[in-house]
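Report on one structure; see the data block that follows.
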Amino acid sequence: MSVSGLFLIVFLAVHLVANIFLLVSPDAFNISAHFMGTNPIIQIMQPLLGAGFLLHIIYSFIIQLQNWKSRPVKYNKVDQKESSTWASRNMIWLGLVVFGFLTIHVINFFWVVKFGHMEHVIIDGVKMEDSYTLVVSLFTDGVLGYVYSSIYIISFIALGLHLHHALWSAFQTIGFSNDAWRKRLTVVGDIYAIVIAAGFTIIPLYFLLF
Amino acid sequence: MASKTINIKVKVWRQKDSNTKGNFETYELSDISTDSSFLEMMDVMNENLVEEGKDPVAFDHDCREGICGMCSLFINGHAHGPDTLITTCQLHMRKFTDGQTITIEPWRVGSFPVIKDLMVDRTAYEQIMQSGGFVSINTGGVPDANAIPIPKEDSDEAMDAASCIGCGACVATCKNSSAMLFVAAKVSQLALLPQGKIEGAKRAKNMIAKMDELGFGNCSNTGACEMECPKGISLAHIARLNREFLVANVKG
Ligand code: HEM
Ligand code: SF4
Ligand code: FES
């Protein structure tokens with residue numbers, strides 16, 4: 001859980017850097033997407049990433065089912081508002097929202113880029129897929145664009161909350177924490193969560209508003 | 001200070017035995033002194049029940065001074081009620097208001113089956129202890145007090161861990177019914193000291209395996225246990241347990 005989660009955390013950071021080029025210029029994003037699509041290291045990482053997600057999701061289901069089973073009779077009254085964070089108690093639901101998004105996301109981008117039909121552009125004499133147009137058209141395609149952008153933004157807020165608990169939690173699970181490091185790691189986790197949630201959310205907002 | 005009295009309603013879980021389905025009963029109590037302890041209020045309730053010819057409510061208690069860990073009770077959504085760093089026997093009625101309904105439930109944990117009413121069977125904790133919560137020492141004469149040097153910080157931290165009274169509030173509170181805080185305290189108090197190093201690697205592995213086998217849930221680090229623990233056992237001990245567990249598995 002922790003190892004796969006930390007791996008996904010690194011992946012998210014790389015993915016955000018690649019996406020931010022959308023705000024720079026069409027060419028910049030196309031070059032970034034082309035790099036991601038052709039770089040050998042990224043190509044090796046791709047199946048690993050798939051495996052990472054699969055591991056994380058399958059393992060989270062197994063653990064969650066065990067945890068539900070361990071309390072056959074529920075409490076009539078439970079009050080945990082002060083003793084734990086909402087996010088930490090709802091990791092599975094936040095994760096499921098992200099999972100739902102992931103499914104749509106893979107169909108819309110990954111599948112199209114890999115196996116679908118793509119327009120091409122030529123930048124500096126190199127022929128590459130016009131990923132920029134694909135992305136921007138999804139966000140701005142009339143009513144559907146609004147629907148897609150909303151799903152996108154809601155999912156990243158859920159992911160932000162998931163990460164709010166996840167980063168420190170993963171270090172705690174591998175034993176790298178104590179009373180001092182817990183405070184530091186929670187701060188790092190919150191900064192990371194905000195950067196990821198805000199960073200990915202800015203992109204559809206930018207295209208919808210400008 | 002003149003003592004105040006309050007009238008309350010107590011909604012309490014009644015269950016004949018582990019095989020019978022239980023249900024809530026509500027009892028009204030009047031003129032409860034706010035200076036009395038929560039368990040004294042329970043005693044008054046039981047005396048009323050006996051006078052009415054009814055079966056008194058069974059609940060666990062022993063020392064009534066916060067050291068034995070026997071008293072349990074999930075009160076208004078909190079293990080040991082609405083106060084921090086105390087057991088139920090240390091809870092006072094001044095924490096409640098006139099006219100309030102107080103919900104009292106047993107620890108709801110699959111591995112702690114209800115024996116009767118509010119009493120649960122915590123033998124699972126003993127089974128975890130038997131699987132590794134001990135040190136192998138040579139019998140014989142009492143060793144010299146200073147024969148084994150131990151750094152002050154280590155002995156302090158081991159002492160903090162050793163203050164766990166095995167009450168089960170951590171498991172009762174945990175949304176996953178995980179016993180990690182208890183196991184962590186019991187592993188830490190030995191792992192930090194030279195006397196405990198001998199079985200070090202095996203201990204964490206065996207105790208965690210036992211905990212899983214007994215049907216306790218998995219720790220997802222929500223931290224609720226630490227907040228409800230009457231002894232303030234820190235999550236840092238869980239990190240140490242995870243380290244010990246990892247090292248034990250790497251070493252094989
Ligand atoms: C990019 C996406 C994701 C990242 C970066 C991520 C990261 C993490 C991390 C670091 C943890 C903490 C692990 C630990 O404490 O040991 C975690 C926990 C969790 N994740 Fe994710 N996750 C992602 C997506 C998902 C998805 C799609 C699901 C599934 C449906 C999911 C379900 C869970 C659950 C249930 C937990 C709590 C389990 C536990 O701590 O025992 N996550 N996640
Ligand atoms: S760790 Fe705290 S809550 Fe858990 S059994 Fe020990 S004293 Fe009770
Ligand atoms: S009765 Fe001993 S701790 Fe409460």
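Going by the structure tokens order, chains are called A, B, ..., each with residues numbered from 1, while ligands are numbered from 1 in the order shown.
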Got a sec to check which residues lie within 7 Å of ligand 2, using only C-alpha atoms and all ligand atoms, and send them as a CSV table (one decimal) with N, CA, C and O atoms, in the first residue's frame?
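Result file follows (selection-v4.csv):
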```csv
chain,number,residue,atom,x,y,z
B,69,GLY,N,-7.2,-1.0,33.8
B,69,GLY,CA,-7.7,-1.1,32.4
B,69,GLY,C,-9.0,-1.9,32.2
B,69,GLY,O,-9.4,-2.2,31.1
B,163,SER,N,3.2,2.2,29.9
B,163,SER,CA,2.1,2.7,30.7
B,163,SER,C,0.8,2.3,30.1
B,163,SER,O,-0.3,2.5,30.6
B,164,CYS,N,0.8,1.6,28.9
B,164,CYS,CA,-0.4,1.0,28.3
B,164,CYS,C,-1.0,0.0,29.3
B,164,CYS,O,-0.3,-0.9,29.8
B,165,ILE,N,-2.3,0.2,29.6
B,165,ILE,CA,-3.0,-0.7,30.6
B,165,ILE,C,-3.9,-1.8,29.9
B,165,ILE,O,-4.7,-2.4,30.6
B,166,GLY,N,-3.7,-1.9,28.6
B,166,GLY,CA,-4.5,-2.9,27.9
B,166,GLY,C,-6.0,-2.9,28.0
B,166,GLY,O,-6.7,-3.9,28.1
B,167,CYS,N,-6.5,-1.6,27.9
B,167,CYS,CA,-7.9,-1.4,28.1
B,167,CYS,C,-8.7,-1.7,26.9
B,167,CYS,O,-9.9,-2.1,27.0
B,168,GLY,N,-8.1,-1.5,25.7
B,168,GLY,CA,-8.8,-1.8,24.5
B,168,GLY,C,-9.5,-0.6,23.8
B,168,GLY,O,-10.2,-0.7,22.8
B,169,ALA,N,-9.3,0.6,24.4
B,169,ALA,CA,-10.0,1.8,23.9
B,169,ALA,C,-9.5,2.1,22.5
B,169,ALA,O,-10.3,2.5,21.6
B,170,CYS,N,-8.2,1.8,22.2
B,170,CYS,CA,-7.7,2.0,20.9
B,170,CYS,C,-8.4,1.2,19.8
B,170,CYS,O,-8.8,1.7,18.8
B,171,VAL,N,-8.6,-0.1,20.1
B,171,VAL,CA,-9.3,-1.0,19.1
B,171,VAL,C,-10.8,-0.5,19.0
B,171,VAL,O,-11.4,-0.5,17.9
B,181,LEU,N,-2.1,0.1,18.1
B,181,LEU,CA,-1.5,0.9,19.1
B,181,LEU,C,-1.1,0.1,20.3
B,181,LEU,O,-0.1,0.2,20.9
B,182,PHE,N,-2.0,-0.9,20.7
B,182,PHE,CA,-1.7,-1.8,21.8
B,182,PHE,C,-0.5,-2.6,21.5
B,182,PHE,O,0.5,-2.7,22.3
B,185,ALA,N,2.7,-0.5,21.6
B,185,ALA,CA,3.1,-0.2,23.0
B,185,ALA,C,3.9,-1.4,23.6
B,185,ALA,O,4.9,-1.2,24.2
B,225,CYS,N,-6.9,6.4,17.7
B,225,CYS,CA,-6.5,5.6,18.9
B,225,CYS,C,-5.8,6.4,19.8
B,225,CYS,O,-6.0,6.4,21.0
B,228,GLU,N,-7.8,8.8,21.8
B,228,GLU,CA,-8.8,8.2,22.8
B,228,GLU,C,-8.0,7.4,23.9
B,228,GLU,O,-8.6,6.9,24.8
B,229,CYS,N,-6.7,7.2,23.7
B,229,CYS,CA,-6.0,6.3,24.6
B,229,CYS,C,-5.9,7.0,26.0
B,229,CYS,O,-5.4,8.2,26.0
B,230,PRO,N,-6.3,6.4,27.1
B,230,PRO,CA,-6.2,7.0,28.4
B,230,PRO,C,-4.8,7.3,28.8
B,230,PRO,O,-4.6,8.2,29.7
B,231,LYS,N,-3.8,6.7,28.2
B,231,LYS,CA,-2.4,6.9,28.6
B,231,LYS,C,-1.6,7.7,27.6
B,231,LYS,O,-0.4,7.8,27.7
B,232,GLY,N,-2.3,8.2,26.6
B,232,GLY,CA,-1.6,9.0,25.6
B,232,GLY,C,-0.5,8.3,24.8
B,232,GLY,O,0.5,8.9,24.5
B,233,ILE,N,-0.6,7.0,24.6
B,233,ILE,CA,0.4,6.2,23.8
B,233,ILE,C,0.5,6.9,22.4
B,233,ILE,O,-0.5,7.0,21.8
```
| request: Name each residue within 8 Å of ligand 3, counting only C-alpha atoms and all ligand atoms, as a ChimeraX atom specification. | output: /B:60-72,87-90,165,167
| request: Residues of chain A near chain B: apply a cut-off of 12 Å, count only C-alpha atoms, and supply the list as a count of residues only. | output: 55
Would you mind writing down, as a short mmCIF file (atom, residue, chain, number, x, y, z; two decimals) with N, CA and C atoms, in the first residue's frame, each residue of stretch 72-226 of chain B that DSSP on the backbone assigns to helix (DSSP H, G or I)?
```cif
data_model
loop_
_atom_site.label_atom_id
_atom_site.label_comp_id
_atom_site.auth_asym_id
_atom_site.auth_seq_id
_atom_site.Cartn_x
_atom_site.Cartn_y
_atom_site.Cartn_z
N THR B 88 -12.80 5.30 32.01
CA THR B 88 -14.18 5.59 32.39
C THR B 88 -14.32 5.81 33.90
N CYS B 89 -13.54 5.07 34.68
CA CYS B 89 -13.64 5.22 36.14
C CYS B 89 -13.14 6.60 36.60
N GLN B 90 -12.39 7.29 35.73
CA GLN B 90 -11.90 8.63 36.09
C GLN B 90 -12.80 9.74 35.54
N MET B 93 -19.40 13.07 36.46
CA MET B 93 -20.71 13.45 35.96
C MET B 93 -20.80 14.94 35.64
N ARG B 94 -19.80 15.73 36.07
CA ARG B 94 -19.83 17.17 35.73
C ARG B 94 -19.58 17.40 34.25
N LYS B 95 -19.17 16.35 33.55
CA LYS B 95 -18.99 16.45 32.10
C LYS B 95 -20.33 16.37 31.36
N THR B 123 -9.88 -11.50 25.90
CA THR B 123 -8.85 -12.55 25.90
C THR B 123 -7.93 -12.44 24.69
N ALA B 124 -8.45 -11.89 23.58
CA ALA B 124 -7.64 -11.77 22.36
C ALA B 124 -6.34 -11.00 22.65
N TYR B 125 -6.41 -10.01 23.53
CA TYR B 125 -5.20 -9.27 23.91
C TYR B 125 -4.18 -10.20 24.57
N GLU B 126 -4.68 -11.06 25.45
CA GLU B 126 -3.77 -11.99 26.13
C GLU B 126 -3.11 -12.93 25.12
N GLN B 127 -3.91 -13.35 24.13
CA GLN B 127 -3.35 -14.25 23.12
C GLN B 127 -2.25 -13.56 22.32
N ILE B 128 -2.44 -12.26 22.06
CA ILE B 128 -1.39 -11.51 21.36
C ILE B 128 -0.13 -11.46 22.23
N MET B 129 -0.31 -11.20 23.53
CA MET B 129 0.84 -11.13 24.44
C MET B 129 1.57 -12.47 24.48
N GLN B 130 0.80 -13.56 24.52
CA GLN B 130 1.43 -14.88 24.59
C GLN B 130 2.24 -15.18 23.34
N LYS B 152 19.01 7.34 29.14
CA LYS B 152 17.83 7.90 29.79
C LYS B 152 16.65 8.03 28.82
N GLU B 153 16.92 8.53 27.59
CA GLU B 153 15.83 8.74 26.63
C GLU B 153 15.13 7.41 26.32
N ASP B 154 15.95 6.36 26.17
CA ASP B 154 15.37 5.06 25.85
C ASP B 154 14.51 4.53 27.00
N SER B 155 15.03 4.67 28.22
CA SER B 155 14.25 4.15 29.34
C SER B 155 12.98 4.96 29.52
N ASP B 156 13.07 6.28 29.26
CA ASP B 156 11.85 7.12 29.35
C ASP B 156 10.81 6.67 28.34
N GLU B 157 11.29 6.44 27.09
CA GLU B 157 10.33 6.10 26.05
C GLU B 157 9.74 4.70 26.28
N ALA B 158 10.59 3.80 26.77
CA ALA B 158 10.09 2.46 27.09
C ALA B 158 9.04 2.55 28.20
N MET B 159 9.30 3.44 29.15
CA MET B 159 8.35 3.62 30.26
C MET B 159 7.03 4.18 29.75
N ASP B 160 7.11 5.15 28.80
CA ASP B 160 5.88 5.69 28.21
C ASP B 160 5.06 4.57 27.58
N ALA B 161 5.75 3.72 26.83
CA ALA B 161 5.05 2.62 26.15
C ALA B 161 4.47 1.66 27.18
N ALA B 162 5.24 1.44 28.26
CA ALA B 162 4.81 0.47 29.27
C ALA B 162 3.60 0.96 30.07
N ALA B 169 -9.33 0.58 24.43
CA ALA B 169 -9.99 1.77 23.88
C ALA B 169 -9.51 2.07 22.46
N CYS B 170 -8.23 1.76 22.19
CA CYS B 170 -7.69 2.02 20.85
C CYS B 170 -8.43 1.20 19.81
N VAL B 171 -8.63 -0.09 20.09
CA VAL B 171 -9.34 -0.96 19.14
C VAL B 171 -10.80 -0.54 19.02
N ALA B 172 -11.39 -0.20 20.18
CA ALA B 172 -12.80 0.18 20.20
C ALA B 172 -13.04 1.44 19.38
N THR B 173 -12.06 2.35 19.39
CA THR B 173 -12.19 3.62 18.69
C THR B 173 -11.88 3.49 17.21
N MET B 180 -3.26 -2.06 16.53
CA MET B 180 -1.87 -1.65 16.33
C MET B 180 -1.29 -0.83 17.48
N LEU B 181 -2.08 0.08 18.07
CA LEU B 181 -1.51 0.92 19.14
C LEU B 181 -1.13 0.06 20.34
N PHE B 182 -2.00 -0.87 20.69
CA PHE B 182 -1.72 -1.78 21.80
C PHE B 182 -0.47 -2.61 21.51
N VAL B 183 -0.44 -3.25 20.32
CA VAL B 183 0.71 -4.08 19.97
C VAL B 183 1.99 -3.23 19.92
N ALA B 184 1.86 -2.01 19.38
CA ALA B 184 3.02 -1.12 19.27
C ALA B 184 3.58 -0.79 20.65
N ALA B 185 2.67 -0.52 21.61
CA ALA B 185 3.12 -0.19 22.96
C ALA B 185 3.85 -1.38 23.57
N LYS B 186 3.28 -2.56 23.36
CA LYS B 186 3.88 -3.76 23.96
C LYS B 186 5.20 -4.14 23.29
N VAL B 187 5.33 -3.86 21.99
CA VAL B 187 6.59 -4.14 21.31
C VAL B 187 7.64 -3.10 21.70
N SER B 188 7.21 -1.82 21.74
CA SER B 188 8.13 -0.73 22.05
C SER B 188 8.77 -0.87 23.43
N GLN B 189 7.96 -1.21 24.42
CA GLN B 189 8.48 -1.24 25.79
C GLN B 189 9.61 -2.26 25.92
N LEU B 190 9.64 -3.25 25.02
CA LEU B 190 10.70 -4.25 25.08
C LEU B 190 11.79 -3.96 24.05
N ALA B 191 11.38 -3.47 22.85
CA ALA B 191 12.35 -3.26 21.77
C ALA B 191 13.37 -2.18 22.14
N PRO B 194 17.75 -3.32 26.20
CA PRO B 194 18.63 -4.43 25.84
C PRO B 194 18.03 -5.80 26.20
N GLN B 195 17.29 -5.85 27.31
CA GLN B 195 16.69 -7.13 27.72
C GLN B 195 15.71 -7.67 26.69
N GLY B 196 15.16 -6.76 25.90
CA GLY B 196 14.14 -7.19 24.95
C GLY B 196 14.70 -7.50 23.57
N GLY B 200 13.84 -9.75 19.66
CA GLY B 200 13.44 -8.56 18.90
C GLY B 200 12.76 -8.84 17.58
N ALA B 201 13.46 -9.53 16.67
CA ALA B 201 12.95 -9.70 15.31
C ALA B 201 11.68 -10.55 15.29
N LYS B 202 11.70 -11.59 16.08
CA LYS B 202 10.55 -12.52 16.07
C LYS B 202 9.31 -11.87 16.68
N ARG B 203 9.55 -11.01 17.69
CA ARG B 203 8.42 -10.50 18.48
C ARG B 203 7.40 -9.75 17.61
N ALA B 204 7.90 -8.75 16.86
CA ALA B 204 6.99 -7.93 16.06
C ALA B 204 6.23 -8.81 15.06
N LYS B 205 6.97 -9.71 14.43
CA LYS B 205 6.37 -10.58 13.42
C LYS B 205 5.27 -11.46 14.02
N ASN B 206 5.59 -12.10 15.13
CA ASN B 206 4.64 -13.03 15.74
C ASN B 206 3.40 -12.31 16.29
N MET B 207 3.63 -11.15 16.91
CA MET B 207 2.49 -10.45 17.51
C MET B 207 1.56 -9.90 16.42
N ILE B 208 2.15 -9.41 15.32
CA ILE B 208 1.31 -8.90 14.23
C ILE B 208 0.57 -10.06 13.57
N ALA B 209 1.25 -11.18 13.38
CA ALA B 209 0.59 -12.35 12.78
C ALA B 209 -0.59 -12.78 13.64
N LYS B 210 -0.39 -12.78 14.97
CA LYS B 210 -1.46 -13.19 15.89
C LYS B 210 -2.63 -12.22 15.81
N MET B 211 -2.29 -10.94 15.78
CA MET B 211 -3.33 -9.90 15.70
C MET B 211 -4.20 -10.10 14.45
N ASP B 212 -3.54 -10.35 13.32
CA ASP B 212 -4.29 -10.58 12.07
C ASP B 212 -5.15 -11.83 12.18
N GLU B 213 -4.53 -12.89 12.72
CA GLU B 213 -5.23 -14.18 12.83
C GLU B 213 -6.50 -14.05 13.69
N ALA B 224 -6.97 8.06 15.48
CA ALA B 224 -8.04 8.18 16.48
C ALA B 224 -7.66 7.47 17.78
N CYS B 225 -6.93 6.36 17.67
CA CYS B 225 -6.54 5.57 18.85
C CYS B 225 -5.75 6.41 19.84
N GLU B 226 -4.79 7.14 19.30
CA GLU B 226 -3.91 7.96 20.14
C GLU B 226 -4.72 9.01 20.90
#
```
| task | Identify, on the basis of only C-alpha atoms, every residue whose closest approach to stretch 16-30 of chain A does not exceed 10 Å; exclude the query and any residue fewer than 4 positions from it along the same chain; express the result as a PyMOL selection string. | result | chain A and resi 11-12+34-36+120-124+128-133+135-136+195-197+199-200+202-204+206-207
Written selection (N, CA, C and O atoms) as a compact mmCIF listing (two decimals), in the first residue's frame:
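The result, stored in part_8.txt:
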```txt
# COMPACT_ATOMS: atom_id res chain seq x y z
N PHE A 11 4.82 9.74 -9.53
CA PHE A 11 4.24 9.81 -10.87
C PHE A 11 3.40 11.07 -11.05
O PHE A 11 3.49 11.76 -12.06
N LEU A 12 2.57 11.39 -10.04
CA LEU A 12 1.69 12.56 -10.13
C LEU A 12 2.48 13.84 -10.34
O LEU A 12 2.07 14.70 -11.13
N HIS A 34 5.10 14.60 -26.64
CA HIS A 34 5.89 13.77 -27.56
C HIS A 34 7.06 13.12 -26.81
O HIS A 34 7.35 11.94 -26.97
N PHE A 35 7.68 13.92 -25.93
CA PHE A 35 8.78 13.42 -25.11
C PHE A 35 8.29 12.27 -24.22
O PHE A 35 8.90 11.20 -24.15
N MET A 36 7.13 12.48 -23.60
CA MET A 36 6.56 11.46 -22.71
C MET A 36 6.22 10.19 -23.50
O MET A 36 6.31 9.08 -22.99
N HIS A 120 -1.92 15.28 -36.64
CA HIS A 120 -0.49 15.49 -36.41
C HIS A 120 -0.09 16.92 -36.68
O HIS A 120 -0.75 17.62 -37.43
N VAL A 121 0.97 17.36 -36.06
CA VAL A 121 1.56 18.67 -36.34
C VAL A 121 3.06 18.46 -36.55
O VAL A 121 3.60 17.43 -36.15
N ILE A 122 3.70 19.45 -37.18
CA ILE A 122 5.14 19.37 -37.35
C ILE A 122 5.78 20.54 -36.60
O ILE A 122 5.44 21.70 -36.82
N ILE A 123 6.59 20.20 -35.61
CA ILE A 123 7.28 21.24 -34.83
C ILE A 123 8.77 21.04 -35.00
O ILE A 123 9.30 19.96 -34.73
N ASP A 124 9.45 22.08 -35.48
CA ASP A 124 10.91 22.03 -35.71
C ASP A 124 11.28 20.82 -36.56
O ASP A 124 12.26 20.12 -36.28
N MET A 128 4.69 15.10 -34.97
CA MET A 128 4.20 14.54 -33.70
C MET A 128 2.69 14.70 -33.59
O MET A 128 2.08 15.47 -34.33
N GLU A 129 2.08 13.94 -32.63
CA GLU A 129 0.64 14.01 -32.44
C GLU A 129 0.26 15.39 -31.89
O GLU A 129 0.98 15.95 -31.08
N ASP A 130 -0.90 15.87 -32.33
CA ASP A 130 -1.37 17.16 -31.83
C ASP A 130 -2.16 16.94 -30.53
O ASP A 130 -3.38 17.06 -30.49
N SER A 131 -1.44 16.63 -29.45
CA SER A 131 -2.09 16.33 -28.17
C SER A 131 -2.79 17.56 -27.62
O SER A 131 -3.83 17.46 -26.96
N TYR A 132 -2.21 18.72 -27.89
CA TYR A 132 -2.77 19.96 -27.36
C TYR A 132 -4.24 20.13 -27.77
O TYR A 132 -5.10 20.37 -26.94
N THR A 133 -4.49 19.96 -29.07
CA THR A 133 -5.86 20.12 -29.57
C THR A 133 -6.80 19.11 -28.92
O THR A 133 -7.93 19.43 -28.56
N VAL A 135 -6.60 17.71 -25.95
CA VAL A 135 -6.90 18.08 -24.55
C VAL A 135 -7.84 19.28 -24.50
O VAL A 135 -8.88 19.25 -23.84
N VAL A 136 -7.46 20.34 -25.22
CA VAL A 136 -8.22 21.58 -25.12
C VAL A 136 -9.65 21.37 -25.63
O VAL A 136 -10.60 21.91 -25.07
N VAL A 195 -0.53 21.60 -4.04
CA VAL A 195 0.11 21.84 -5.34
C VAL A 195 -0.52 20.94 -6.40
O VAL A 195 -0.87 21.40 -7.50
N ILE A 196 -0.72 19.67 -6.09
CA ILE A 196 -1.31 18.74 -7.06
C ILE A 196 -2.75 19.13 -7.38
O ILE A 196 -3.13 19.29 -8.55
N ALA A 197 -3.56 19.33 -6.35
CA ALA A 197 -4.98 19.65 -6.59
C ALA A 197 -5.12 20.97 -7.33
O ALA A 197 -5.85 21.07 -8.32
N GLY A 199 -2.73 22.64 -9.01
CA GLY A 199 -2.02 22.60 -10.29
C GLY A 199 -2.86 21.98 -11.40
O GLY A 199 -2.98 22.54 -12.49
N PHE A 200 -3.48 20.84 -11.12
CA PHE A 200 -4.29 20.17 -12.15
C PHE A 200 -5.61 20.92 -12.39
O PHE A 200 -6.14 20.90 -13.49
N ILE A 202 -6.17 24.21 -12.19
CA ILE A 202 -5.97 25.46 -12.94
C ILE A 202 -6.15 25.23 -14.43
O ILE A 202 -6.69 26.09 -15.14
N ILE A 203 -5.74 24.06 -14.92
CA ILE A 203 -5.71 23.83 -16.37
C ILE A 203 -7.10 23.94 -17.02
O ILE A 203 -7.28 24.78 -17.90
N PRO A 204 -8.10 23.16 -16.58
CA PRO A 204 -9.43 23.34 -17.20
C PRO A 204 -10.00 24.74 -16.95
O PRO A 204 -10.66 25.30 -17.81
N TYR A 206 -8.41 27.51 -16.74
CA TYR A 206 -7.74 28.43 -17.67
C TYR A 206 -8.42 28.38 -19.03
O TYR A 206 -8.72 29.42 -19.63
N PHE A 207 -8.69 27.16 -19.51
CA PHE A 207 -9.27 27.03 -20.86
C PHE A 207 -10.74 27.44 -20.88
O PHE A 207 -11.24 27.90 -21.90
```
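DSSP annotation of stretch 63-227 of chain B from backbone atoms: strand (DSSP E) residues are Phe74, Ile75, His78, Ala79, Thr101, Ile102, Thr103, Ile104, Glu105, Val114, Ile115, Lys116, Met119 and Val120 of chain B.
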Residue selection dump (N, CA and C atoms) as an mmCIF file, in the first residue's frame:
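The result, written out as result37.cif:
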```cif
data_model
loop_
_atom_site.group_PDB
_atom_site.id
_atom_site.type_symbol
_atom_site.label_atom_id
_atom_site.label_comp_id
_atom_site.auth_asym_id
_atom_site.auth_seq_id
_atom_site.Cartn_x
_atom_site.Cartn_y
_atom_site.Cartn_z
ATOM 1 N N PHE B 74 -18.261 2.628 25.740
ATOM 2 C CA PHE B 74 -18.266 3.605 24.656
ATOM 3 C C PHE B 74 -19.397 4.572 24.964
ATOM 4 N N ILE B 75 -19.032 5.769 25.405
ATOM 5 C CA ILE B 75 -20.016 6.708 25.945
ATOM 6 C C ILE B 75 -20.218 7.893 25.005
ATOM 7 N N HIS B 78 -17.670 8.135 22.233
ATOM 8 C CA HIS B 78 -16.241 8.135 22.563
ATOM 9 C C HIS B 78 -15.890 6.986 23.494
ATOM 10 N N ALA B 79 -14.734 6.350 23.255
ATOM 11 C CA ALA B 79 -14.233 5.355 24.198
ATOM 12 C C ALA B 79 -13.901 6.087 25.489
ATOM 13 N N THR B 101 -29.284 12.883 27.322
ATOM 14 C CA THR B 101 -29.365 11.431 27.154
ATOM 15 C C THR B 101 -27.954 10.903 26.900
ATOM 16 N N ILE B 102 -27.539 9.941 27.709
ATOM 17 C CA ILE B 102 -26.188 9.397 27.576
ATOM 18 C C ILE B 102 -26.279 7.990 26.980
ATOM 19 N N THR B 103 -25.646 7.802 25.823
ATOM 20 C CA THR B 103 -25.657 6.490 25.180
ATOM 21 C C THR B 103 -24.444 5.694 25.624
ATOM 22 N N ILE B 104 -24.672 4.504 26.172
ATOM 23 C CA ILE B 104 -23.565 3.666 26.639
ATOM 24 C C ILE B 104 -23.574 2.337 25.885
ATOM 25 N N GLU B 105 -22.471 2.067 25.181
ATOM 26 C CA GLU B 105 -22.366 0.829 24.408
ATOM 27 C C GLU B 105 -21.114 0.068 24.833
ATOM 28 N N VAL B 114 -19.196 -9.748 23.075
ATOM 29 C CA VAL B 114 -19.908 -9.337 24.287
ATOM 30 C C VAL B 114 -20.174 -10.575 25.148
ATOM 31 N N ILE B 115 -19.868 -10.468 26.450
ATOM 32 C CA ILE B 115 -20.161 -11.559 27.380
ATOM 33 C C ILE B 115 -21.575 -11.357 27.928
ATOM 34 N N LYS B 116 -21.825 -10.134 28.388
ATOM 35 C CA LYS B 116 -23.153 -9.770 28.901
ATOM 36 C C LYS B 116 -23.218 -8.249 28.950
ATOM 37 N N MET B 119 -20.118 -5.877 29.143
ATOM 38 C CA MET B 119 -18.843 -6.591 29.348
ATOM 39 C C MET B 119 -18.425 -7.283 28.058
ATOM 40 N N VAL B 120 -17.156 -7.099 27.678
ATOM 41 C CA VAL B 120 -16.656 -7.829 26.515
ATOM 42 C C VAL B 120 -15.476 -8.705 26.917
#
```
| request: Compile the contact shell of A:Met45 as a PyMOL selection string: residues with an atom at most 12 Å away, counting only C-alpha atoms, same-chain residues fewer than 5 positions apart removed. | output: chain A and resi 7-8+10-11+14+36-40+50-52
Serialized selection, N, CA, C and O atoms, as a compact mmCIF listing (two decimals), in the first residue's frame:
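See out_23.txt below for the written result:
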```txt
# COMPACT_ATOMS: atom_id res chain seq x y z
N PHE A 7 5.01 5.53 -4.94
CA PHE A 7 5.33 5.48 -6.37
C PHE A 7 4.33 6.35 -7.15
O PHE A 7 4.72 7.15 -8.01
N LEU A 8 3.06 6.25 -6.81
CA LEU A 8 2.03 7.05 -7.48
C LEU A 8 2.22 8.54 -7.20
O LEU A 8 1.95 9.39 -8.04
N VAL A 10 5.10 10.07 -6.80
CA VAL A 10 6.17 10.54 -7.69
C VAL A 10 5.61 10.72 -9.10
O VAL A 10 5.84 11.73 -9.77
N PHE A 11 4.82 9.74 -9.53
CA PHE A 11 4.24 9.81 -10.87
C PHE A 11 3.40 11.07 -11.05
O PHE A 11 3.49 11.76 -12.06
N VAL A 14 5.43 14.17 -11.77
CA VAL A 14 5.93 14.19 -13.15
C VAL A 14 4.80 14.56 -14.11
O VAL A 14 4.97 15.39 -15.00
N MET A 36 7.13 12.48 -23.60
CA MET A 36 6.56 11.46 -22.71
C MET A 36 6.22 10.19 -23.50
O MET A 36 6.31 9.08 -22.99
N GLY A 37 5.81 10.39 -24.75
CA GLY A 37 5.38 9.25 -25.56
C GLY A 37 6.54 8.49 -26.19
O GLY A 37 6.36 7.37 -26.67
N THR A 38 7.74 9.09 -26.21
CA THR A 38 8.85 8.44 -26.91
C THR A 38 10.05 8.15 -26.03
O THR A 38 10.84 7.26 -26.33
N ASN A 39 10.20 8.88 -24.95
CA ASN A 39 11.36 8.68 -24.08
C ASN A 39 11.41 7.24 -23.56
O ASN A 39 10.43 6.73 -23.03
N PRO A 40 12.57 6.57 -23.73
CA PRO A 40 12.63 5.14 -23.34
C PRO A 40 12.37 4.91 -21.85
O PRO A 40 11.70 3.92 -21.49
N GLY A 50 1.04 1.19 -14.50
CA GLY A 50 -0.22 0.44 -14.55
C GLY A 50 -0.26 -0.57 -13.42
O GLY A 50 -1.25 -0.68 -12.69
N ALA A 51 0.85 -1.29 -13.26
CA ALA A 51 0.93 -2.29 -12.20
C ALA A 51 0.81 -1.63 -10.83
O ALA A 51 0.15 -2.16 -9.93
N GLY A 52 1.43 -0.46 -10.67
CA GLY A 52 1.38 0.28 -9.41
C GLY A 52 -0.05 0.62 -9.05
O GLY A 52 -0.47 0.42 -7.91
```
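Among A:Tyr192, A:Tyr148, A:Phe156, A:Phe53, the residue with the shortest atom-to-atom distance to A:Val97, counting only C-alpha atoms, is A:Phe156.
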| Neighbour list for A:Leu94 as a PyMOL selection string, cut-off 9 Å, only C-alpha atoms, skip fewer than 5 positions in-chain | chain A and resi 87+99+155+158-159+161-162
